[in-house]
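Heads up, data-v4.cif below (mmCIF, C-alpha atoms):
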data_target
loop_
_atom_site.label_atom_id
_atom_site.label_comp_id
_atom_site.auth_asym_id
_atom_site.auth_seq_id
_atom_site.Cartn_x
_atom_site.Cartn_y
_atom_site.Cartn_z
CA MET Q 1 0.00 0.00 0.00
CA THR Q 2 2.88 2.38 0.70
CA TRP Q 3 3.87 2.75 -2.95
CA ARG Q 4 0.47 4.03 -4.08
CA ALA Q 5 0.73 7.49 -2.51
CA PRO Q 6 4.05 8.46 -4.22
CA VAL Q 7 2.83 7.09 -7.54
CA GLY Q 8 -0.44 9.01 -7.22
CA ILE Q 9 1.37 12.23 -6.33
CA GLY Q 10 3.77 11.78 -9.26
CA ALA Q 11 0.94 11.11 -11.70
CA SER Q 12 -0.95 14.17 -10.43
CA GLY Q 13 2.15 16.32 -10.84
CA LEU Q 14 2.61 15.18 -14.43
CA ALA Q 15 -1.05 15.88 -15.20
CA LEU Q 16 -0.96 19.34 -13.64
CA SER Q 17 2.27 20.23 -15.48
CA GLY Q 18 0.27 20.12 -18.70
CA CYS Q 19 -1.92 22.96 -17.41
CA SER Q 20 0.95 25.47 -17.41
CA GLU Q 21 0.72 28.31 -19.95
CA MET Q 22 4.50 28.39 -20.42
CA GLN Q 23 4.40 25.91 -23.30
CA SER Q 24 0.79 24.97 -23.93
CA ALA Q 25 -1.30 24.69 -27.06
CA LEU Q 26 -4.32 25.46 -24.87
CA ALA Q 27 -3.04 28.95 -24.01
CA PRO Q 28 -3.08 30.54 -27.49
CA ALA Q 29 -1.58 33.96 -28.19
CA GLY Q 30 -1.80 33.93 -31.99
CA ASP Q 31 -4.24 33.26 -34.83
CA GLU Q 32 -2.97 29.82 -35.77
CA ALA Q 33 -2.61 28.76 -32.13
CA SER Q 34 -6.23 29.81 -31.51
CA ARG Q 35 -7.41 27.60 -34.34
CA VAL Q 36 -5.32 24.69 -33.06
CA ALA Q 37 -6.74 25.19 -29.54
CA LEU Q 38 -10.32 25.28 -30.84
CA LEU Q 39 -9.77 22.09 -32.84
CA SER Q 40 -8.20 20.48 -29.75
CA TRP Q 41 -11.21 21.30 -27.55
CA ILE Q 42 -13.56 19.92 -30.20
CA LEU Q 43 -11.54 16.70 -30.31
CA PHE Q 44 -11.53 16.49 -26.50
CA ALA Q 45 -15.31 16.96 -26.40
CA GLY Q 46 -15.82 14.41 -29.16
CA ALA Q 47 -13.58 11.88 -27.44
CA ALA Q 48 -15.50 12.39 -24.18
CA ALA Q 49 -18.82 11.83 -25.98
CA VAL Q 50 -17.52 8.63 -27.61
CA LEU Q 51 -16.25 7.44 -24.23
CA LEU Q 52 -19.68 8.00 -22.68
CA ILE Q 53 -21.34 6.06 -25.51
CA VAL Q 54 -18.90 3.17 -25.12
CA CYS Q 55 -19.38 3.13 -21.34
CA ALA Q 56 -23.15 3.13 -21.76
CA ALA Q 57 -22.95 0.26 -24.25
CA LEU Q 58 -20.66 -1.65 -21.88
CA PHE Q 59 -23.07 -1.12 -18.98
CA LEU Q 60 -25.98 -2.40 -21.06
CA ALA Q 61 -23.94 -5.36 -22.31
CA ILE Q 62 -23.12 -6.41 -18.74
CA GLY Q 63 -26.19 -5.48 -16.72
CA GLY Q 64 -28.88 -4.63 -19.25
CA SER Q 65 -31.92 -6.61 -20.26
CA GLU Q 66 -31.78 -9.52 -22.65
CA ARG Q 67 -33.38 -7.32 -25.29
CA SER Q 68 -30.66 -4.64 -25.00
CA ARG Q 69 -27.89 -7.24 -25.07
CA HIS Q 70 -29.40 -8.82 -28.15
CA ALA Q 71 -29.58 -5.42 -29.85
CA LEU Q 72 -25.92 -4.68 -29.07
CA ARG Q 73 -24.68 -7.93 -30.62
CA SER Q 74 -26.83 -7.70 -33.73
CA GLU Q 75 -25.35 -7.16 -37.19
CA ASN Q 76 -27.03 -3.76 -37.47
CA ALA Q 77 -25.38 -2.60 -34.25
CA VAL Q 78 -21.96 -3.73 -35.53
CA ARG Q 79 -22.47 -1.96 -38.85
CA LEU Q 80 -23.75 1.22 -37.21
CA GLY Q 81 -21.31 1.41 -34.29
CA GLY Q 82 -18.27 -0.19 -35.90
CA ILE Q 83 -18.38 1.17 -39.46
CA ILE Q 84 -20.90 3.94 -40.15
CA PHE Q 85 -20.47 5.98 -36.96
CA PRO Q 86 -16.62 6.07 -37.05
CA ALA Q 87 -16.55 6.77 -40.79
CA VAL Q 88 -19.02 9.65 -40.58
CA THR Q 89 -17.48 11.11 -37.41
CA LEU Q 90 -13.90 11.02 -38.71
CA THR Q 91 -14.95 12.42 -42.10
CA VAL Q 92 -16.74 15.35 -40.46
CA LEU Q 93 -13.79 16.06 -38.15
CA LEU Q 94 -11.31 15.89 -41.04
CA GLY Q 95 -13.39 18.21 -43.20
CA TYR Q 96 -13.88 20.69 -40.39
CA GLY Q 97 -10.18 20.57 -39.49
CA VAL Q 98 -9.13 21.31 -43.07
CA TRP Q 99 -11.67 24.15 -43.29
CA LEU Q 100 -10.60 25.60 -39.93
CA MET Q 101 -6.89 25.50 -40.79
CA ARG Q 102 -7.36 26.67 -44.40
CA GLU Q 103 -5.47 29.94 -43.85
CA THR Q 104 -2.54 28.03 -42.44
CA ILE Q 105 -2.47 25.56 -45.31
CA ALA Q 106 -2.63 28.21 -48.05
CA SER Q 107 -2.31 31.98 -47.74
CA ASP Q 108 -1.36 34.37 -50.53
CA ARG Q 109 -0.95 37.40 -48.26
CA PRO Q 110 2.62 38.71 -48.11
CA ALA Q 111 4.20 38.58 -44.66
CA ALA Q 112 5.44 41.72 -42.92
CA LEU Q 113 8.81 40.19 -42.09
CA ARG Q 114 10.94 37.15 -42.84
CA ILE Q 115 13.20 35.46 -40.30
CA ASP Q 116 15.46 32.52 -41.17
CA ILE Q 117 15.84 29.86 -38.48
CA THR Q 118 18.26 26.97 -38.83
CA GLY Q 119 18.15 23.98 -36.50
CA GLU Q 120 21.51 22.55 -35.53
CA GLN Q 121 22.54 19.96 -32.97
CA TRP Q 122 21.40 21.22 -30.46
CA TRP Q 123 20.62 24.91 -30.82
CA TRP Q 124 18.88 27.44 -33.10
CA ARG Q 125 20.58 29.86 -35.49
CA VAL Q 126 18.33 32.89 -36.10
CA THR Q 127 19.04 35.30 -38.96
CA TYR Q 128 17.39 38.68 -39.51
CA ALA Q 129 17.58 41.13 -42.38
CA GLY Q 130 18.74 44.43 -40.91
CA SER Q 131 17.26 47.82 -41.75
CA ASP Q 132 20.25 48.48 -44.05
CA GLY Q 133 19.70 45.25 -45.96
CA GLN Q 134 22.56 43.47 -44.21
CA SER Q 135 21.70 40.30 -42.32
CA PHE Q 136 22.85 39.53 -38.80
CA ALA Q 137 22.60 36.45 -36.62
CA GLU Q 138 21.28 35.72 -33.15
CA ALA Q 139 20.83 32.39 -31.36
CA ASN Q 140 18.19 30.49 -29.37
CA GLU Q 141 15.85 33.47 -29.17
CA VAL Q 142 13.44 34.88 -31.76
CA ARG Q 143 12.08 38.41 -31.50
CA LEU Q 144 8.83 39.33 -33.25
CA PRO Q 145 6.73 42.49 -33.56
CA VAL Q 146 3.26 42.10 -32.07
CA GLY Q 147 0.32 42.05 -34.48
CA ARG Q 148 2.32 41.43 -37.67
CA GLU Q 149 2.40 38.24 -39.71
CA ILE Q 150 5.91 36.80 -39.79
CA ASP Q 151 7.27 34.13 -42.12
CA LEU Q 152 9.75 31.83 -40.39
CA VAL Q 153 11.86 30.05 -43.00
CA LEU Q 154 12.96 26.81 -41.36
CA ARG Q 155 16.04 24.80 -42.33
CA SER Q 156 18.37 22.19 -40.84
CA THR Q 157 22.08 21.61 -41.33
CA ASP Q 158 22.33 18.09 -39.95
CA VAL Q 159 19.28 15.97 -39.00
CA ILE Q 160 15.51 16.48 -38.93
CA HIS Q 161 14.42 18.96 -36.28
CA SER Q 162 10.92 20.34 -35.70
CA PHE Q 163 10.03 23.91 -34.74
CA TRP Q 164 7.16 24.19 -32.26
CA VAL Q 165 5.95 27.14 -30.19
CA PRO Q 166 2.56 25.86 -28.92
CA SER Q 167 1.18 29.23 -27.82
CA LEU Q 168 1.72 30.73 -31.29
CA GLY Q 169 1.14 27.93 -33.77
CA GLY Q 170 1.56 24.35 -34.89
CA LYS Q 171 4.78 22.47 -35.41
CA LEU Q 172 6.70 22.22 -38.68
CA ASP Q 173 9.64 19.97 -39.52
CA MET Q 174 13.08 21.33 -40.43
CA ILE Q 175 14.48 18.97 -43.06
CA PRO Q 176 18.09 18.99 -44.37
CA GLY Q 177 18.24 20.36 -47.92
CA ARG Q 178 14.75 21.87 -47.76
CA ALA Q 179 13.24 25.18 -46.62
CA ASN Q 180 9.78 25.07 -45.01
CA THR Q 181 7.88 28.25 -44.15
CA LEU Q 182 5.78 28.72 -41.04
CA ARG Q 183 3.67 31.87 -40.65
CA LEU Q 184 3.05 33.16 -37.13
CA LYS Q 185 1.47 36.23 -35.58
CA ALA Q 186 1.67 37.11 -31.89
CA GLU Q 187 -1.46 38.87 -30.68
CA ARG Q 188 0.03 40.29 -27.49
CA PRO Q 189 3.48 41.04 -26.03
CA GLY Q 190 5.07 38.27 -24.03
CA ILE Q 191 7.64 35.53 -23.92
CA TYR Q 192 6.62 32.18 -25.38
CA ARG Q 193 8.65 29.01 -25.03
CA GLY Q 194 9.29 26.68 -27.93
CA GLN Q 195 10.87 23.27 -28.30
CA CYS Q 196 12.35 20.97 -30.90
CA ALA Q 197 9.52 18.48 -31.40
CA GLU Q 198 11.43 15.84 -33.41
CA TYR Q 199 13.97 13.60 -31.70
CA CYS Q 200 17.34 14.71 -33.06
CA GLY Q 201 19.72 12.70 -30.89
CA GLY Q 202 21.74 13.48 -27.78
CA PRO Q 203 20.38 16.39 -25.71
CA HIS Q 204 17.25 16.76 -27.84
CA ALA Q 205 15.18 17.50 -24.73
CA LEU Q 206 17.48 20.46 -23.99
CA MET Q 207 16.93 22.10 -27.41
CA ALA Q 208 14.43 24.80 -26.53
CA LEU Q 209 14.07 28.48 -27.45
CA GLU Q 210 12.09 31.57 -26.55
CA ILE Q 211 9.93 33.78 -28.74
CA VAL Q 212 9.90 37.37 -27.50
CA ALA Q 213 6.91 39.30 -28.86
CA MET Q 214 7.54 43.05 -28.62
CA PRO Q 215 5.63 46.24 -29.42
CA ASP Q 216 6.34 47.31 -32.98
CA ALA Q 217 8.42 50.39 -32.07
CA ASP Q 218 10.57 48.41 -29.63
CA PHE Q 219 11.16 45.69 -32.21
CA GLU Q 220 12.20 48.19 -34.87
CA ALA Q 221 14.67 49.80 -32.45
CA TRP Q 222 16.05 46.38 -31.55
CA LEU Q 223 16.34 45.46 -35.23
CA ARG Q 224 18.18 48.69 -36.09
CA SER Q 225 20.74 48.07 -33.37
CA GLY Q 226 21.33 44.48 -34.47
CA ALA Q 227 24.06 45.02 -37.02
CA GLY Q 228 26.15 47.20 -34.71
CA ALA Q 229 28.71 46.35 -32.08
CA PRO Q 230 27.54 45.16 -28.64
CA ALA Q 231 26.45 47.87 -26.23
CA ALA Q 232 28.91 46.72 -23.56
CA GLY Q 233 31.88 44.44 -22.95
CA GLY Q 234 34.44 45.97 -25.31
CA SER Q 235 37.15 43.77 -26.83
CA GLY Q 236 39.80 45.80 -25.02
CA SER Q 237 38.66 44.53 -21.61
CA ARG Q 238 40.45 41.70 -19.81
CA GLY Q 239 37.63 39.29 -20.64
CA GLY Q 240 37.63 40.38 -24.27
CA GLU Q 241 41.36 39.78 -24.54
CA LEU Q 242 40.95 36.30 -23.05
CA PHE Q 243 38.11 35.56 -25.47
CA GLN Q 244 40.37 36.35 -28.43
CA ALA Q 245 43.50 34.71 -27.00
CA ALA Q 246 41.72 31.42 -26.28
CA GLY Q 247 40.52 31.19 -29.88
CA CYS Q 248 36.82 31.51 -29.02
CA GLY Q 249 36.37 33.70 -32.11
CA ALA Q 250 37.14 30.72 -34.35
CA CYS Q 251 33.70 29.29 -33.52
CA HIS Q 252 31.73 32.30 -32.26
CA ALA Q 253 31.09 35.78 -33.63
CA VAL Q 254 30.93 39.02 -31.67
CA ARG Q 255 30.03 41.91 -33.96
CA GLY Q 256 32.48 44.81 -33.79
CA THR Q 257 35.39 42.55 -32.81
CA PRO Q 258 37.76 40.23 -34.75
CA ALA Q 259 35.64 37.25 -33.62
CA ALA Q 260 33.78 36.10 -36.72
CA GLY Q 261 33.26 32.35 -36.28
CA THR Q 262 30.14 30.73 -37.67
CA ILE Q 263 30.40 27.23 -36.23
CA GLY Q 264 28.74 28.04 -32.93
CA PRO Q 265 26.10 30.55 -31.79
CA ASP Q 266 26.62 34.27 -32.35
CA LEU Q 267 27.44 35.83 -28.97
CA SER Q 268 27.09 39.50 -29.89
CA ARG Q 269 24.10 40.00 -27.58
CA ILE Q 270 24.32 36.94 -25.37
CA GLY Q 271 24.03 39.08 -22.25
CA ALA Q 272 20.54 40.24 -23.27
CA ARG Q 273 19.10 36.72 -23.44
CA ARG Q 274 17.26 35.20 -20.51
CA PHE Q 275 18.79 31.75 -20.93
CA LEU Q 276 21.97 30.02 -22.05
CA ALA Q 277 22.53 26.86 -24.09
CA ALA Q 278 19.16 26.85 -25.91
CA ALA Q 279 17.06 27.72 -22.85
CA THR Q 280 18.86 25.22 -20.62
CA LEU Q 281 20.32 27.57 -17.96
CA PRO Q 282 19.29 30.99 -16.59
CA ASN Q 283 21.65 33.60 -18.03
CA THR Q 284 23.98 34.68 -15.24
CA ALA Q 285 27.73 35.26 -15.14
CA ASP Q 286 28.11 32.23 -12.86
CA ASN Q 287 26.26 29.99 -15.31
CA VAL Q 288 28.31 31.34 -18.21
CA ALA Q 289 31.44 30.29 -16.30
CA ARG Q 290 29.91 26.89 -15.52
CA PHE Q 291 29.11 26.21 -19.15
CA ILE Q 292 32.61 27.20 -20.28
CA THR Q 293 34.27 24.73 -17.90
CA SER Q 294 31.61 22.02 -17.49
CA GLY Q 295 29.33 22.30 -20.50
CA GLN Q 296 29.26 18.57 -21.18
CA SER Q 297 27.82 17.81 -17.76
CA ILE Q 298 25.17 20.52 -18.23
CA LYS Q 299 24.25 19.60 -21.79
CA PRO Q 300 25.82 16.23 -22.68
CA GLY Q 301 26.83 15.84 -26.31
CA ASN Q 302 26.91 19.52 -27.24
CA GLN Q 303 29.57 20.48 -29.76
CA MET Q 304 31.56 22.82 -27.49
CA PRO Q 305 34.55 21.29 -25.66
CA GLU Q 306 35.08 22.11 -22.01
CA PHE Q 307 37.68 24.83 -21.43
CA ARG Q 308 39.53 24.31 -18.16
CA ILE Q 309 42.60 26.35 -19.04
CA PHE Q 310 41.52 29.50 -17.19
CA THR Q 311 42.33 30.48 -13.66
CA GLU Q 312 39.46 31.47 -11.41
CA ASP Q 313 40.13 35.17 -11.99
CA GLU Q 314 40.40 34.71 -15.74
CA LEU Q 315 37.18 32.72 -15.86
CA ARG Q 316 35.39 35.43 -13.88
CA ALA Q 317 36.68 38.12 -16.26
CA LEU Q 318 35.64 36.11 -19.32
CA ALA Q 319 32.16 35.40 -17.92
CA THR Q 320 31.71 39.06 -17.00
CA TYR Q 321 32.69 40.10 -20.52
CA LEU Q 322 30.20 37.72 -22.13
CA ALA Q 323 27.42 38.68 -19.70
CA GLY Q 324 27.98 42.31 -20.67
CA LEU Q 325 27.49 41.76 -24.40
CA LYS Q 326 24.12 43.42 -25.05
#

Structure translated into structure tokens:
Amino acid sequence: MTWRAPVGIGASGLALSGCSEMQSALAPAGDEASRVALLSWILFAGAAAVLLIVCAALFLAIGGSERSRHALRSENAVRLGGIIFPAVTLTVLLGYGVWLMRETIASDRPAALRIDITGEQWWWRVTYAGSDGQSFAEANEVRLPVGREIDLVLRSTDVIHSFWVPSLGGKLDMIPGRANTLRLKAERPGIYRGQCAEYCGGPHALMALEIVAMPDADFEAWLRSGAGAPAAGGSGSRGGELFQAAGCGACHAVRGTPAAGTIGPDLSRIGARRFLAAATLPNTADNVARFITSGQSIKPGNQMPEFRIFTEDELRALATYLAGLK
């Protein structure tokens, strides 16, 4: 008897975790997500109705009269309940689902903005077109203007990933050698969590991202500042010198400095993000230092080797430099 209480508590916790609005298709904040949520509730209601019908039939089959049991096992009951009812129900649901999602399936309206997102093991490369026509890269965070339709052009450089932000829309696969386009629109400002929804090996479960929906004026100001040098953490600082001397710029880029690597995430504004390592760790100087020295224990299998060549003071200076890149 003693094992039942922990199991019950654990099951309840798992069930309640699905009620959170952090990453839920039932807490829509965009047009497509609202349609997905409506279709979900219809399916839930339909499933509940079918369950009630099955339970009623089971009750009659066990405890009903001989007449009711005979009716349930007749050929007409089998044809009606086993063939006609499922066929009609599923056909109606399919037709309604296609009609409801018609704007998602085909829309000829031009989008207000295009953002390129590339899935890599195990992080997200995000590329924007700057106001001057020059593109610039960010990582693991997508910023959108509220109330505008955005085309996300999704690609992969290695294996199949899947882009999914439940509060804003459905999921769409990212397939090597192919570009798929997902259109989203955030109805209100906020931060919405997304996740890779296709198993892609290794730390797949730690490949998350955040969508930051901003007022239009704030987004335009953020976009204009994107191609420039970071607002803090100059390359002449002690941490900046260590960053260059250790060869970090061979894999990472920091705009306005000699670091121009493209293998790993762009770190030009890493200090402005809420999380590190594709939404794995809260973004603090201490966690930056932890990931530099012990990244494989935090996110096993990631492509960055652990750097244990720094003294404690050097590591603190390097972490402070990176945390100041905004």

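Atom CA of Q:Arg274 sits 24.3 Å away from atom CA of Q:Glu312.
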
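Nearest-residue note for Q:Ala77: choosing from Q:Thr91, Q:Asn283, Q:Ala57, Q:Pro28, the minimum distance belongs to Q:Ala57, counting only C-alpha atoms.
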
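Residue nearest Q:Ala33, chosen from Q:Ser268, Q:Ser167, Q:Thr89, Q:Thr284 and counting all atoms listed in the file: Q:Ser167.
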
Contacts of Q:Ala217 at 12 Å (only C-alpha atoms; same-chain gap of 5+ positions) as a ChimeraX atom specification: /Q:144-147,222-224

Selection result for the PyMOL selection byres ((chain Q and resi 195) around 6) on this file, as JSON, numbers by chain: {"Q": [164, 194, 196, 197, 208]}

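Ranking Q:Ala71, Q:Leu100, Q:Met22, Q:Ala48 by their shortest atom-to-atom distance to Q:Arg35, with all atoms listed in the file included, puts Q:Leu100 first.
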
Result set of the PyMOL selection byres ((chain Q and resi 322) around 9) on the coordinates above, as a ChimeraX atom specification: /Q:233,239-240,243,267-271,285,288,317-321,323-326

Let me see the file: selected residues, C-alpha atoms, as a tab-separated table (two decimals), in the frame of the given file.
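After the write, result-v9.tsv holds the following:
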chain	number	residue	atom	x	y	z
Q	233	GLY	CA	31.88	44.44	-22.95
Q	239	GLY	CA	37.63	39.29	-20.64
Q	240	GLY	CA	37.63	40.38	-24.27
Q	243	PHE	CA	38.11	35.56	-25.47
Q	267	LEU	CA	27.44	35.83	-28.97
Q	268	SER	CA	27.09	39.50	-29.89
Q	269	ARG	CA	24.10	40.00	-27.58
Q	270	ILE	CA	24.32	36.94	-25.37
Q	271	GLY	CA	24.03	39.08	-22.25
Q	285	ALA	CA	27.73	35.26	-15.14
Q	288	VAL	CA	28.31	31.34	-18.21
Q	317	ALA	CA	36.68	38.12	-16.26
Q	318	LEU	CA	35.64	36.11	-19.32
Q	319	ALA	CA	32.16	35.40	-17.92
Q	320	THR	CA	31.71	39.06	-17.00
Q	321	TYR	CA	32.69	40.10	-20.52
Q	323	ALA	CA	27.42	38.68	-19.70
Q	324	GLY	CA	27.98	42.31	-20.67
Q	325	LEU	CA	27.49	41.76	-24.40
Q	326	LYS	CA	24.12	43.42	-25.05

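Minimum atom-to-atom distances from Q:Ala61, Q:Ile211, Q:Leu113, Q:Leu39 to Q:Arg73 were compared using all atoms listed in the file, and the lowest value belongs to Q:Ala61.
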
Nearest-residue call for Q:Gly256, choices Q:Leu93, Q:Leu26, Q:Ala227, Q:Met207, using all atoms listed in the file: Q:Ala227

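Relative to atom CA of Q:Val159, atom CA of Q:His252 is found at 21.6 Å.
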
Specify the axis-aligned box that encloses all atoms of stretch 187-206 of chain Q listed in the file after padding of 6 Å on each side, stating its centre and edge lengths in Å to one decimal as lines of an AutoDock Vina configuration file.
center_x = 10.1
center_y = 26.9
center_z = -28.7
size_x = 35.2
size_y = 40.3
size_z = 21.5

Answer key for the PyMOL selection byres ((chain Q and resi 126) around 6), residues as number ranges by chain: Q: 116-117, 125, 127, 137-139

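Checking Q:Ile175, Q:Ala112, Q:Val92, Q:Val165 one by one against Q:Asp151, counting all atoms listed in the file, you find the shortest gap at Q:Ala112.
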
Answer as a ChimeraX atom specification, residues within 12 Å of (14.1, 22.9, -49.9) using only C-alpha atoms: /Q:153-157,173-181

Can you spit out the residues from that selection as a JSON list (two decimals), keeping the file's coordinate frame, using C-alpha atoms?
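File written: selection03.json
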[["chain", "number", "residue", "atom", "x", "y", "z"],
["Q", 153, "VAL", "CA", 11.86, 30.05, -43.00],
["Q", 154, "LEU", "CA", 12.96, 26.81, -41.36],
["Q", 155, "ARG", "CA", 16.04, 24.80, -42.33],
["Q", 156, "SER", "CA", 18.37, 22.19, -40.84],
["Q", 157, "THR", "CA", 22.08, 21.61, -41.33],
["Q", 173, "ASP", "CA", 9.64, 19.97, -39.52],
["Q", 174, "MET", "CA", 13.08, 21.33, -40.43],
["Q", 175, "ILE", "CA", 14.48, 18.97, -43.06],
["Q", 176, "PRO", "CA", 18.09, 18.99, -44.37],
["Q", 177, "GLY", "CA", 18.24, 20.36, -47.92],
["Q", 178, "ARG", "CA", 14.75, 21.87, -47.76],
["Q", 179, "ALA", "CA", 13.24, 25.18, -46.62],
["Q", 180, "ASN", "CA", 9.78, 25.07, -45.01],
["Q", 181, "THR", "CA", 7.88, 28.25, -44.15]]

Q:Cys248 environment, 12 Å, all atoms listed in the file, sequence neighbours closer than 2 positions dropped, as a PyMOL selection string: chain Q and resi 239-246+250-254+257-267+292+304-307+318+322
